[in-house]
file run.cif (mmCIF, C-alpha atoms)
data_start
loop_
_atom_site.label_atom_id
_atom_site.label_comp_id
_atom_site.auth_asym_id
_atom_site.auth_seq_id
_atom_site.Cartn_x
_atom_site.Cartn_y
_atom_site.Cartn_z
CA MET S 1 0.00 0.00 0.00
CA ARG S 2 1.38 3.40 -0.95
CA ARG S 3 1.22 6.10 1.68
CA THR S 4 -0.92 9.03 0.66
CA MET S 5 -0.09 12.60 1.67
CA ILE S 6 -2.81 15.10 0.85
CA GLY S 7 -3.72 18.67 1.55
CA LEU S 8 -6.91 20.13 2.92
CA GLY S 9 -8.56 20.32 -0.51
CA ALA S 10 -8.25 16.58 -1.11
CA ALA S 11 -9.44 15.84 2.42
CA VAL S 12 -12.57 17.86 1.73
CA LEU S 13 -13.13 15.87 -1.46
CA ALA S 14 -12.69 12.62 0.45
CA LEU S 15 -15.73 13.55 2.49
CA GLY S 16 -17.75 14.06 -0.67
CA LEU S 17 -17.91 17.85 -0.30
CA SER S 18 -17.19 20.60 -2.80
CA ALA S 19 -14.55 23.17 -2.13
CA PRO S 20 -15.80 26.75 -2.59
CA ALA S 21 -15.98 27.90 -6.18
CA PHE S 22 -13.17 30.17 -7.27
CA ALA S 23 -13.53 33.41 -9.16
CA ASP S 24 -12.52 33.16 -12.80
CA HIS S 25 -9.22 34.97 -13.20
CA GLY S 26 -8.52 33.87 -16.75
CA ARG S 27 -11.20 35.48 -18.87
CA ASP S 28 -10.05 37.27 -22.00
CA GLY S 29 -12.90 39.75 -22.12
CA HIS S 30 -15.00 37.69 -24.51
CA GLY S 31 -16.43 35.26 -21.97
CA ASP S 32 -14.89 32.12 -23.41
CA GLY S 33 -11.77 31.84 -21.23
CA ALA S 34 -10.20 29.76 -23.98
CA THR S 35 -7.42 32.11 -25.13
CA VAL S 36 -5.64 32.40 -21.78
CA PRO S 37 -3.19 29.52 -21.25
CA PHE S 38 -3.24 27.28 -18.20
CA GLY S 39 -0.06 26.45 -16.33
CA ARG S 40 1.04 23.15 -14.88
CA ALA S 41 -1.67 21.26 -12.99
CA THR S 42 -1.07 19.63 -9.59
CA LEU S 43 -1.95 16.21 -8.17
CA THR S 44 -4.01 16.64 -4.98
CA GLY S 45 -5.46 13.17 -4.36
CA PHE S 46 -4.76 9.54 -5.23
CA ALA S 47 -6.69 6.35 -4.55
CA SER S 48 -6.62 2.92 -6.17
CA LEU S 49 -8.90 -0.10 -6.67
CA PRO S 50 -6.97 -3.39 -7.06
CA ALA S 51 -7.19 -5.00 -10.47
CA GLU S 52 -8.57 -8.26 -9.11
CA THR S 53 -11.73 -6.84 -7.58
CA PHE S 54 -14.93 -8.73 -8.37
CA VAL S 55 -18.65 -8.14 -7.83
CA PRO S 56 -19.67 -10.18 -4.77
CA ASN S 57 -21.71 -13.33 -5.49
CA SER S 58 -21.60 -12.71 -9.24
CA GLU S 59 -21.43 -15.11 -12.17
CA PRO S 60 -18.17 -16.46 -13.60
CA SER S 61 -16.61 -14.44 -16.41
CA GLY S 62 -13.76 -14.50 -18.92
CA ALA S 63 -14.31 -18.02 -20.25
CA LEU S 64 -13.52 -16.86 -23.79
CA LEU S 65 -10.09 -15.49 -22.84
CA GLY S 66 -8.42 -18.88 -22.67
CA THR S 67 -6.49 -20.17 -19.67
CA ALA S 68 -3.03 -18.65 -20.12
CA PRO S 69 -1.97 -15.94 -17.63
CA ILE S 70 -2.40 -12.34 -18.82
CA ASN S 71 -0.30 -9.78 -16.94
CA GLY S 72 -0.14 -12.13 -13.98
CA VAL S 73 -3.88 -12.83 -13.92
CA THR S 74 -5.24 -16.20 -15.05
CA PRO S 75 -8.71 -16.45 -16.65
CA PRO S 76 -11.43 -17.50 -16.42
CA PHE S 77 -12.60 -15.67 -13.32
CA ALA S 78 -14.93 -16.84 -10.56
CA GLY S 79 -16.88 -13.55 -10.67
CA GLN S 80 -17.56 -10.42 -12.66
CA PRO S 81 -14.64 -7.95 -12.59
CA VAL S 82 -15.22 -4.45 -11.23
CA GLN S 83 -13.14 -2.87 -13.98
CA GLY S 84 -12.90 -0.97 -17.20
CA PHE S 85 -14.28 2.40 -16.07
CA SER S 86 -15.42 4.33 -19.13
CA GLY S 87 -17.79 6.89 -17.62
CA VAL S 88 -18.24 8.62 -14.27
CA ALA S 89 -21.01 10.54 -12.50
CA ARG S 90 -20.78 12.17 -9.10
CA ARG S 91 -23.43 11.38 -6.50
CA HIS S 92 -22.47 14.16 -4.00
CA ASP S 93 -22.32 11.79 -1.04
CA GLY S 94 -18.68 10.79 -1.43
CA THR S 95 -19.51 8.06 -3.95
CA PHE S 96 -19.39 7.96 -7.75
CA ASP S 97 -21.16 5.92 -10.39
CA VAL S 98 -18.69 4.45 -12.87
CA LEU S 99 -19.49 2.55 -16.03
CA SER S 100 -17.85 -0.78 -16.75
CA ASP S 101 -17.38 -0.98 -20.51
CA ASN S 102 -18.11 -3.88 -22.82
CA GLY S 103 -15.84 -6.35 -21.08
CA TYR S 104 -12.72 -7.87 -22.60
CA GLY S 105 -12.15 -5.69 -25.63
CA ASN S 106 -14.48 -6.97 -28.33
CA LYS S 107 -17.86 -8.47 -29.09
CA ALA S 108 -16.51 -11.99 -29.63
CA ASN S 109 -14.93 -12.50 -26.20
CA SER S 110 -17.33 -10.61 -23.93
CA ALA S 111 -20.58 -12.61 -23.97
CA ASP S 112 -20.15 -13.60 -20.30
CA PHE S 113 -19.35 -10.05 -19.13
CA LEU S 114 -22.47 -8.44 -17.64
CA LEU S 115 -22.77 -4.71 -18.34
CA ARG S 116 -22.97 -2.79 -15.10
CA ILE S 117 -22.91 0.63 -13.47
CA GLN S 118 -20.61 0.25 -10.49
CA ARG S 119 -20.68 2.48 -7.43
CA VAL S 120 -17.32 3.31 -5.90
CA LYS S 121 -16.09 5.35 -2.94
CA PRO S 122 -12.57 6.81 -3.05
CA ASP S 123 -10.84 7.65 0.22
CA PHE S 124 -7.99 10.00 -0.55
CA ARG S 125 -6.75 9.82 3.04
CA THR S 126 -5.99 6.12 2.84
CA GLY S 127 -5.44 5.92 -0.92
CA VAL S 128 -8.11 3.21 -1.33
CA VAL S 129 -11.10 2.99 -3.66
CA ARG S 130 -13.87 0.67 -2.46
CA ALA S 131 -16.61 -0.87 -4.60
CA VAL S 132 -19.82 -0.27 -2.65
CA GLY S 133 -22.55 -1.50 -4.98
CA GLY S 134 -24.06 -0.96 -8.39
CA VAL S 135 -26.70 -2.20 -10.82
CA ASP S 136 -26.57 -4.58 -13.78
CA LEU S 137 -28.02 -3.33 -17.07
CA SER S 138 -30.93 -5.20 -18.60
CA ASP S 139 -33.83 -4.96 -21.06
CA PRO S 140 -36.79 -6.63 -19.31
CA ASP S 141 -39.39 -4.70 -21.35
CA ARG S 142 -37.96 -5.77 -24.73
CA HIS S 143 -37.06 -2.36 -26.11
CA VAL S 144 -34.18 -3.98 -28.03
CA THR S 145 -35.55 -5.62 -31.17
CA PHE S 146 -32.43 -7.52 -32.26
CA PRO S 147 -31.48 -10.81 -30.54
CA LEU S 148 -29.65 -10.51 -27.22
CA THR S 149 -27.06 -12.92 -25.87
CA ARG S 150 -29.04 -13.99 -22.81
CA SER S 151 -32.63 -15.19 -22.58
CA ASP S 152 -33.07 -13.33 -19.27
CA ARG S 153 -32.25 -10.11 -21.20
CA ARG S 154 -29.42 -9.05 -18.95
CA LEU S 155 -27.10 -7.11 -21.22
CA THR S 156 -23.58 -8.28 -21.99
CA GLY S 157 -20.48 -7.04 -23.75
CA ALA S 158 -21.60 -8.96 -26.82
CA ASP S 159 -24.77 -6.84 -27.03
CA PHE S 160 -23.46 -3.30 -26.52
CA ASP S 161 -20.14 -1.57 -26.00
CA VAL S 162 -21.06 1.04 -23.41
CA GLU S 163 -18.41 3.76 -23.17
CA SER S 164 -19.91 7.03 -21.89
CA MET S 165 -22.47 7.95 -19.23
CA VAL S 166 -24.36 10.85 -17.69
CA ARG S 167 -26.70 10.74 -14.70
CA ASN S 168 -29.87 12.83 -14.76
CA PRO S 169 -31.42 14.63 -11.77
CA ASP S 170 -34.22 12.01 -11.79
CA GLY S 171 -31.63 9.27 -11.24
CA THR S 172 -31.88 7.83 -14.75
CA TYR S 173 -28.83 7.34 -16.94
CA TRP S 174 -28.03 8.06 -20.57
CA ILE S 175 -25.26 5.85 -21.88
CA GLY S 176 -23.36 6.08 -25.15
CA ASP S 177 -22.64 2.86 -27.06
CA GLU S 178 -20.03 2.10 -29.74
CA PHE S 179 -21.61 -0.88 -31.52
CA GLY S 180 -24.39 1.18 -33.11
CA PRO S 181 -23.52 3.76 -32.18
CA PHE S 182 -26.61 4.10 -29.97
CA LEU S 183 -27.86 6.24 -27.11
CA LEU S 184 -29.35 4.13 -24.31
CA HIS S 185 -31.64 5.36 -21.52
CA PHE S 186 -31.71 3.36 -18.28
CA SER S 187 -33.70 3.56 -15.05
CA PRO S 188 -31.95 4.00 -11.68
CA SER S 189 -32.17 0.22 -11.26
CA GLY S 190 -30.54 -0.45 -14.65
CA SER S 191 -33.59 -1.31 -16.80
CA LEU S 192 -33.66 0.02 -20.36
CA LEU S 193 -36.49 2.57 -20.59
CA GLU S 194 -36.87 3.01 -24.35
CA ALA S 195 -35.57 1.72 -27.65
CA PRO S 196 -31.90 2.39 -28.46
CA VAL S 197 -31.55 5.66 -30.38
CA ALA S 198 -29.51 5.23 -33.54
CA LEU S 199 -27.26 7.94 -34.96
CA PRO S 200 -28.64 8.94 -38.38
CA GLY S 201 -26.22 8.32 -41.22
CA VAL S 202 -23.51 6.61 -39.16
CA GLN S 203 -23.07 2.86 -38.60
CA ALA S 204 -20.24 0.83 -37.09
CA PRO S 205 -19.30 -2.67 -38.29
CA GLU S 206 -21.01 -4.20 -35.21
CA ASN S 207 -24.32 -2.41 -35.89
CA PRO S 208 -27.07 -5.08 -35.76
CA TYR S 209 -29.06 -3.26 -38.45
CA LEU S 210 -26.20 -2.97 -40.94
CA GLY S 211 -27.81 -5.69 -43.05
CA GLY S 212 -24.84 -6.31 -45.30
CA GLY S 213 -24.27 -2.61 -45.85
CA THR S 214 -20.95 -0.83 -45.64
CA PRO S 215 -20.11 0.73 -42.27
CA ASN S 216 -18.74 4.28 -42.29
CA LEU S 217 -17.22 4.23 -38.81
CA ALA S 218 -14.38 2.00 -37.63
CA ARG S 219 -14.87 -0.75 -35.08
CA SER S 220 -15.14 0.43 -31.46
CA LYS S 221 -15.11 4.11 -32.46
CA GLY S 222 -18.61 5.20 -31.41
CA PHE S 223 -19.73 7.37 -28.49
CA GLU S 224 -16.63 7.28 -26.31
CA GLY S 225 -17.51 10.67 -24.80
CA MET S 226 -20.80 12.29 -23.87
CA ALA S 227 -21.78 15.34 -21.84
CA ARG S 228 -25.11 16.55 -20.52
CA ALA S 229 -25.90 20.26 -20.86
CA VAL S 230 -25.76 22.13 -17.57
CA ASP S 231 -29.48 22.96 -17.96
CA GLY S 232 -30.23 19.25 -18.43
CA ARG S 233 -32.00 19.68 -21.78
CA ARG S 234 -29.49 18.26 -24.23
CA LEU S 235 -26.83 15.60 -24.63
CA TYR S 236 -23.57 16.11 -26.49
CA PRO S 237 -22.20 12.76 -27.68
CA LEU S 238 -18.73 12.71 -29.26
CA LEU S 239 -17.48 9.97 -31.57
CA GLU S 240 -14.08 8.42 -30.92
CA GLY S 241 -13.42 7.77 -34.60
CA THR S 242 -13.59 9.71 -37.85
CA VAL S 243 -16.59 9.09 -40.11
CA ALA S 244 -15.60 7.92 -43.60
CA GLY S 245 -15.12 10.92 -45.87
CA ASP S 246 -14.32 13.36 -43.06
CA PRO S 247 -10.80 14.80 -42.68
CA ALA S 248 -8.31 12.63 -40.79
CA GLY S 249 -8.58 13.08 -37.02
CA ALA S 250 -11.84 15.04 -37.24
CA LEU S 251 -14.38 13.75 -34.70
CA ARG S 252 -18.05 14.65 -34.89
CA MET S 253 -19.77 16.09 -31.83
CA TYR S 254 -23.57 16.03 -31.95
CA GLU S 255 -26.44 17.66 -30.04
CA PHE S 256 -29.39 15.53 -28.89
CA ASP S 257 -32.58 17.21 -27.63
CA LEU S 258 -33.86 15.24 -24.63
CA ARG S 259 -37.36 16.68 -24.80
CA LYS S 260 -37.84 15.89 -28.48
CA ARG S 261 -35.78 12.67 -28.30
CA ALA S 262 -34.09 13.69 -31.54
CA TYR S 263 -30.80 14.98 -32.83
CA THR S 264 -30.75 18.67 -33.72
CA ASP S 265 -29.09 20.07 -36.83
CA ARG S 266 -26.17 21.45 -34.77
CA ARG S 267 -22.83 19.70 -35.10
CA TRP S 268 -19.20 20.48 -34.32
CA VAL S 269 -15.80 18.98 -35.00
CA TYR S 270 -13.21 18.08 -32.39
CA GLN S 271 -9.85 17.88 -34.17
CA LEU S 272 -7.35 15.42 -32.70
CA GLU S 273 -3.79 16.65 -32.27
CA ALA S 274 -2.68 13.55 -34.19
CA PRO S 275 -4.88 11.23 -36.30
CA GLY S 276 -3.75 8.22 -34.24
CA ASN S 277 -4.95 9.73 -30.97
CA SER S 278 -8.31 9.00 -29.32
CA ILE S 279 -10.65 10.85 -27.01
CA GLY S 280 -11.48 9.36 -23.63
CA ASP S 281 -14.35 11.34 -22.11
CA MET S 282 -16.00 14.76 -22.03
CA ILE S 283 -18.04 16.86 -19.62
CA ALA S 284 -19.84 20.21 -19.87
CA VAL S 285 -18.24 23.24 -18.21
CA ASP S 286 -21.07 25.64 -19.12
CA ARG S 287 -23.45 26.21 -22.02
CA ASP S 288 -20.70 26.43 -24.62
CA ARG S 289 -17.53 24.88 -23.17
CA PHE S 290 -16.53 21.28 -22.55
CA LEU S 291 -13.57 19.39 -21.14
CA VAL S 292 -12.26 16.56 -23.35
CA ILE S 293 -9.62 13.94 -22.58
CA GLU S 294 -7.35 13.25 -25.55
CA ARG S 295 -4.73 10.51 -25.45
CA ASP S 296 -2.35 8.42 -27.48
CA ASN S 297 -2.62 4.61 -27.45
CA GLN S 298 0.59 3.92 -25.54
CA GLN S 299 1.13 3.03 -21.90
CA GLY S 300 3.87 3.13 -19.30
CA ASP S 301 7.16 4.71 -20.34
CA ALA S 302 6.03 4.71 -23.98
CA ALA S 303 3.08 7.01 -23.25
CA GLN S 304 3.69 10.49 -24.67
CA PHE S 305 0.30 12.19 -24.90
CA LYS S 306 -2.40 12.22 -22.19
CA ARG S 307 -4.07 15.63 -21.94
CA VAL S 308 -7.26 17.41 -20.92
CA TYR S 309 -8.49 20.20 -23.21
CA LEU S 310 -11.04 22.95 -22.69
CA THR S 311 -13.07 23.37 -25.87
CA ASP S 312 -15.38 26.22 -26.86
CA THR S 313 -18.13 25.57 -29.38
CA ARG S 314 -18.47 29.32 -30.08
CA ASP S 315 -14.90 29.52 -31.38
CA ARG S 316 -14.66 27.42 -34.51
CA ASP S 317 -13.27 27.74 -38.00
CA ARG S 318 -15.09 27.31 -41.30
CA ASP S 319 -14.83 23.53 -40.98
CA GLY S 320 -16.62 23.67 -37.63
CA LYS S 321 -13.50 22.75 -35.62
CA VAL S 322 -13.84 23.95 -32.04
CA ASP S 323 -11.18 25.93 -30.22
CA LYS S 324 -9.00 23.91 -27.80
CA THR S 325 -6.93 25.00 -24.80
CA GLN S 326 -4.85 22.53 -22.80
CA VAL S 327 -5.69 22.62 -19.09
CA ALA S 328 -3.68 19.61 -17.86
CA ASP S 329 -0.90 17.33 -19.07
CA LEU S 330 -1.56 14.05 -17.25
CA LEU S 331 2.01 12.90 -17.86
CA ASP S 332 3.43 15.99 -16.15
CA LEU S 333 1.49 16.77 -12.99
CA ALA S 334 3.26 18.62 -10.20
CA ASN S 335 3.35 16.58 -6.99
CA PRO S 336 5.20 18.69 -4.40
CA LYS S 337 3.63 16.83 -1.45
CA GLY S 338 4.41 13.35 -2.75
CA VAL S 339 0.77 12.36 -3.00
CA GLY S 340 0.35 8.60 -3.38
CA GLY S 341 3.96 7.97 -2.49
CA PHE S 342 5.09 9.13 -5.94
CA GLY S 343 7.84 11.62 -6.78
CA THR S 344 7.56 15.34 -7.40
CA THR S 345 6.29 14.70 -10.93
CA PHE S 346 3.29 12.38 -11.30
CA ARG S 347 2.47 10.50 -14.50
CA PHE S 348 -0.92 8.97 -15.29
CA PRO S 349 0.58 6.55 -17.84
CA PHE S 350 -2.38 4.42 -18.82
CA GLN S 351 -3.34 3.56 -22.38
CA THR S 352 -6.98 4.46 -21.79
CA ILE S 353 -8.01 7.37 -19.53
CA GLU S 354 -11.76 7.56 -19.98
CA ASP S 355 -13.32 9.42 -17.05
CA VAL S 356 -13.38 13.09 -16.08
CA VAL S 357 -15.60 14.83 -13.53
CA ILE S 358 -15.56 18.45 -12.31
CA LEU S 359 -15.28 18.51 -8.50
CA ASP S 360 -15.06 22.27 -8.11
CA ASP S 361 -14.16 25.22 -10.31
CA SER S 362 -10.46 24.37 -10.34
CA THR S 363 -10.38 20.64 -9.45
CA LEU S 364 -10.96 17.62 -11.68
CA GLY S 365 -11.39 13.95 -10.87
CA LEU S 366 -9.93 11.48 -13.39
CA LEU S 367 -9.98 7.68 -13.64
CA ASN S 368 -8.37 5.19 -16.00
CA ASP S 369 -9.96 2.28 -17.83
CA ASN S 370 -7.66 -0.62 -16.90
CA ASN S 371 -8.85 -2.90 -19.75
CA PHE S 372 -8.65 -5.76 -17.26
CA PRO S 373 -6.55 -7.85 -17.52
CA PHE S 374 -4.79 -6.49 -20.61
CA SER S 375 -3.30 -3.11 -19.65
CA SER S 376 -0.09 -2.80 -17.64
CA GLY S 377 0.82 0.88 -17.73
CA ARG S 378 1.66 1.34 -14.07
CA THR S 379 3.83 -1.76 -13.63
CA PRO S 380 5.01 -3.76 -16.69
CA GLY S 381 3.72 -7.31 -16.66
CA LYS S 382 1.15 -6.62 -13.93
CA ALA S 383 -2.55 -5.96 -14.58
CA ASP S 384 -3.37 -2.30 -13.98
CA PRO S 385 -5.54 -1.19 -11.08
CA ASP S 386 -8.24 1.44 -11.49
CA GLU S 387 -6.79 4.69 -10.17
CA PHE S 388 -8.83 7.73 -9.11
CA ILE S 389 -6.87 10.98 -8.98
CA THR S 390 -7.82 14.58 -8.21
CA VAL S 391 -6.04 17.36 -10.06
CA ARG S 392 -5.98 21.08 -9.25
CA LEU S 393 -5.75 23.28 -12.33
CA SER S 394 -3.46 26.30 -12.39
CA ARG S 395 -6.50 28.56 -12.47
CA SER S 396 -10.24 28.25 -12.26
CA LEU S 397 -12.43 27.29 -15.19
CA GLY S 398 -15.12 29.90 -14.59
CA ALA S 399 -17.59 27.03 -14.86
CA ASP S 400 -21.33 27.24 -14.49
CA PRO S 401 -21.86 26.08 -10.86
CA ARG S 402 -24.38 23.52 -12.14
CA ALA S 403 -21.45 21.67 -13.69
CA TYR S 404 -20.20 20.55 -10.26
CA ARG S 405 -22.93 21.16 -7.67
#
call {"tool": "encode", "arguments": {"input": "run.cif", "output": "structure tokens"}}
result
Amino acid sequence: MRRTMIGLGAAVLALGLSAPAFADHGRDGHGDGATVPFGRATLTGFASLPAETFVPNSEPSGALLGTAPINGVTPPFAGQPVQGFSGVARRHDGTFDVLSDNGYGNKANSADFLLRIQRVKPDFRTGVVRAVGGVDLSDPDRHVTFPLTRSDRRLTGADFDVESMVRNPDGTYWIGDEFGPFLLHFSPSGSLLEAPVALPGVQAPENPYLGGGTPNLARSKGFEGMARAVDGRRLYPLLEGTVAGDPAGALRMYEFDLRKRAYTDRRWVYQLEAPGNSIGDMIAVDRDRFLVIERDNQQGDAAQFKRVYLTDTRDRDRDGKVDKTQVADLLDLANPKGVGGFGTTFRFPFQTIEDVVILDDSTLGLLNDNNFPFSSGRTPGKADPDEFITVRLSRSLGADPRAYR
């Protein structure tokens, strides 16, 4: 166990409280705050969930992975792993909902992985994340019209690849899928509430309605990121991959009207810094601005690019590309207090970093997707844990308070 040294701000977060909002000192006079650079961000909290953490009394899993050890872990497993966090929502009681993604990396090997919203509680004083509950996802009312893997209609990683999540004030969840890509609406208990909402004009190879047609989105490149508007009226799903015919590295960001249950005609482009990069998650800062995680596909010492950008949908060029300002380099976080037992520079060196939440106007929470048991970015040859870190930005975001309260 690493010793964790934290300041007052992280201790407040450990109790599930928000630090007071800070005044915005970085505005440029136009209200977007996107032209003033941010300095180096600082690690303020660290907690970890061991890789081999399983849902109590759950079904066996991983039978399609073979029996050879993978990063020191030998499948199959006696239970369902609590792993693969690809979406996060704050519950304001010290706990967080986190979304376990489709399982073991693809449709073919994930039929015995039950899709689930986990509930976790980080303690930044002890450096430990505990799994404290959650709900399995299911379709008891038969809103899905294509065949599912299980007759009991519990959803698996062979049915959907769930990668992004927002929680509504009524306790329901909207989840973004990559197989369609689809938008999925679930009750607080995990039951699908309506038919999956397809994205007009875009289909992935796994889309069950492709019908022999040609997909125009690469495999596993659907709704990796999704934000809910601060007024709760719209969703903003962001594709991880480039639609065929679009410029290289150009990712489409859509607007979905929750009252009309329909996409609007508004659309933006998030331009990757390199075509080989991917996005990991996004969250609304206010009506027009969003935070987006962008990363390369490397891990450990090979990782070179893991960043958080502030985007502004008002500032865009003729191609619709939104303005981007870096707010944190996750491979170069200041750590003057030695948080987590690490040195004065902290690296978050995971291949997939897929969760960001705003804790207060200058503090972010971030989690990795450990791709259990395949990723080994923290220690070569050893399956990665799920790490939950808190990061203080060099200045405040000037966020709408509804983004974090």
call {"tool": "axis_aligned_box", "arguments": {"input": "run.cif", "around": "range 226-238 of chain S", "padding_each_side": "6 Å", "output": "JSON"}}
result
{"center_x": -25.4, "center_y": 17.6, "center_z": -23.4, "size_x": 25.3, "size_y": 22.7, "size_z": 23.7}
call {"tool": "residues_around", "arguments": {"input": "run.cif", "residues": "range 293-303 of chain S", "least_positions_apart": "6", "cutoff": "9 Å", "atoms": "all atoms listed in the file", "output": "MDAnalysis selection string"}}
result
chainID S and resid 225 272:274 276:282 309 331 347:356 375:380
call {"tool": "resolve_selection", "arguments": {"input": "run.cif", "expression": "the PyMOL selection byres ((chain S and resi 383) around 10)", "output": "compact mmCIF listing (two decimals) with C-alpha atoms, keeping the file's coordinate frame"}}
result
# COMPACT_ATOMS: atom_id res chain seq x y z
CA PRO S 50 -6.97 -3.39 -7.06
CA ALA S 51 -7.19 -5.00 -10.47
CA GLU S 52 -8.57 -8.26 -9.11
CA ILE S 70 -2.40 -12.34 -18.82
CA ASN S 71 -0.30 -9.78 -16.94
CA GLY S 72 -0.14 -12.13 -13.98
CA VAL S 73 -3.88 -12.83 -13.92
CA ASN S 370 -7.66 -0.62 -16.90
CA ASN S 371 -8.85 -2.90 -19.75
CA PHE S 372 -8.65 -5.76 -17.26
CA PRO S 373 -6.55 -7.85 -17.52
CA PHE S 374 -4.79 -6.49 -20.61
CA SER S 375 -3.30 -3.11 -19.65
CA SER S 376 -0.09 -2.80 -17.64
CA GLY S 377 0.82 0.88 -17.73
CA ARG S 378 1.66 1.34 -14.07
CA THR S 379 3.83 -1.76 -13.63
CA PRO S 380 5.01 -3.76 -16.69
CA GLY S 381 3.72 -7.31 -16.66
CA LYS S 382 1.15 -6.62 -13.93
CA ASP S 384 -3.37 -2.30 -13.98
CA PRO S 385 -5.54 -1.19 -11.08
CA ASP S 386 -8.24 1.44 -11.49
call {"tool": "atom_distance", "arguments": {"input": "run.cif", "atom1": "CA of Phe38 in chain S", "atom2": "CA of Val391 in chain S"}}
result
13.1 Å
call {"tool": "atom_distance", "arguments": {"input": "run.cif", "atom1": "CA of Glu387 in chain S", "atom2": "CA of Thr345 in chain S"}}
result
16.5 Å
call {"tool": "atom_distance", "arguments": {"input": "run.cif", "atom1": "CA of Phe290 in chain S", "atom2": "CA of His92 in chain S"}}
result
20.7 Å
call {"tool": "resolve_selection", "arguments": {"input": "run.cif", "expression": "the PyMOL selection byres ((chain S and resi 165) around 9)", "output": "mmCIF file with C-alpha atoms, in the frame of the given file"}}
result
data_model
loop_
_atom_site.group_PDB
_atom_site.id
_atom_site.type_symbol
_atom_site.label_atom_id
_atom_site.label_comp_id
_atom_site.auth_asym_id
_atom_site.auth_seq_id
_atom_site.Cartn_x
_atom_site.Cartn_y
_atom_site.Cartn_z
ATOM 1 C CA SER S 86 -15.420 4.330 -19.130
ATOM 2 C CA GLY S 87 -17.790 6.890 -17.620
ATOM 3 C CA VAL S 88 -18.240 8.620 -14.270
ATOM 4 C CA ALA S 89 -21.010 10.540 -12.500
ATOM 5 C CA VAL S 98 -18.690 4.450 -12.870
ATOM 6 C CA LEU S 99 -19.490 2.550 -16.030
ATOM 7 C CA VAL S 162 -21.060 1.040 -23.410
ATOM 8 C CA GLU S 163 -18.410 3.760 -23.170
ATOM 9 C CA SER S 164 -19.910 7.030 -21.890
ATOM 10 C CA VAL S 166 -24.360 10.850 -17.690
ATOM 11 C CA ARG S 167 -26.700 10.740 -14.700
ATOM 12 C CA TYR S 173 -28.830 7.340 -16.940
ATOM 13 C CA TRP S 174 -28.030 8.060 -20.570
ATOM 14 C CA ILE S 175 -25.260 5.850 -21.880
ATOM 15 C CA GLY S 176 -23.360 6.080 -25.150
ATOM 16 C CA GLY S 225 -17.510 10.670 -24.800
ATOM 17 C CA MET S 226 -20.800 12.290 -23.870
ATOM 18 C CA ALA S 227 -21.780 15.340 -21.840
#
call {"tool": "closest_residue", "arguments": {"input": "run.cif", "among": "S:Gly245, S:Pro200, S:Val322, S:Ala250", "to": "Ala262 in chain S", "atoms": "all atoms listed in the file"}}
result
S:Pro200
call {"tool": "closest_residue", "arguments": {"input": "run.cif", "among": "S:Leu184, S:Val230, S:Leu65, S:Val36", "to": "Lys324 in chain S", "atoms": "only C-alpha atoms"}}
result
S:Val36
call {"tool": "resolve_selection", "arguments": {"input": "run.cif", "expression": "the PyMOL selection byres ((chain S and resi 307) around 6)", "output": "PyMOL selection string"}}
result
chain S and resi 293-294+306+308+328-330
call {"tool": "write_last_selection", "arguments": {"input": "run.cif", "atoms": "C-alpha atoms", "output": "JSON list (two decimals), in the coordinates of the input"}}
result
[["chain", "number", "residue", "atom", "x", "y", "z"],
["S", 293, "ILE", "CA", -9.62, 13.94, -22.58],
["S", 294, "GLU", "CA", -7.35, 13.25, -25.55],
["S", 306, "LYS", "CA", -2.40, 12.22, -22.19],
["S", 308, "VAL", "CA", -7.26, 17.41, -20.92],
["S", 328, "ALA", "CA", -3.68, 19.61, -17.86],
["S", 329, "ASP", "CA", -0.90, 17.33, -19.07],
["S", 330, "LEU", "CA", -1.56, 14.05, -17.25]]
call {"tool": "residues_around", "arguments": {"input": "run.cif", "residues": "Leu183 in chain S", "least_positions_apart": "5", "cutoff": "9 Å", "atoms": "all atoms listed in the file", "output": "MDAnalysis selection string"}}
result
chainID S and resid 174:177 195:199 223 237
call {"tool": "write_last_selection", "arguments": {"input": "run.cif", "atoms": "C-alpha atoms", "output": "mmCIF file, in the coordinates of the input"}}
result
data_model
loop_
_atom_site.group_PDB
_atom_site.id
_atom_site.type_symbol
_atom_site.label_atom_id
_atom_site.label_comp_id
_atom_site.auth_asym_id
_atom_site.auth_seq_id
_atom_site.Cartn_x
_atom_site.Cartn_y
_atom_site.Cartn_z
ATOM 1 C CA TRP S 174 -28.030 8.060 -20.570
ATOM 2 C CA ILE S 175 -25.260 5.850 -21.880
ATOM 3 C CA GLY S 176 -23.360 6.080 -25.150
ATOM 4 C CA ASP S 177 -22.640 2.860 -27.060
ATOM 5 C CA ALA S 195 -35.570 1.720 -27.650
ATOM 6 C CA PRO S 196 -31.900 2.390 -28.460
ATOM 7 C CA VAL S 197 -31.550 5.660 -30.380
ATOM 8 C CA ALA S 198 -29.510 5.230 -33.540
ATOM 9 C CA LEU S 199 -27.260 7.940 -34.960
ATOM 10 C CA PHE S 223 -19.730 7.370 -28.490
ATOM 11 C CA PRO S 237 -22.200 12.760 -27.680
#
call {"tool": "closest_atom_pairs", "arguments": {"input": "run.cif", "of": "range 102-165 of chain S", "to": "range 205-211 of chain S", "cutoff": "12 Å", "atoms": "only C-alpha atoms", "output": "Markdown table"}}
result
| residue | atom | partner | partner_atom | distance |
| --- | --- | --- | --- | --- |
| S:Asn106 | CA | S:Glu206 | CA | 9.9 |
| S:Lys107 | CA | S:Glu206 | CA | 8.1 |
| S:Ala108 | CA | S:Glu206 | CA | 10.6 |
| S:Val144 | CA | S:Pro208 | CA | 10.6 |
| S:Thr145 | CA | S:Pro208 | CA | 9.7 |
| S:Phe146 | CA | S:Pro208 | CA | 6.9 |
| S:Pro147 | CA | S:Pro208 | CA | 8.9 |
| S:Leu148 | CA | S:Pro208 | CA | 10.4 |
| S:Gly157 | CA | S:Glu206 | CA | 11.8 |
| S:Ala158 | CA | S:Glu206 | CA | 9.7 |
| S:Asp159 | CA | S:Pro208 | CA | 9.2 |
| S:Phe160 | CA | S:Glu206 | CA | 9.1 |
| S:Asp161 | CA | S:Glu206 | CA | 9.6 |
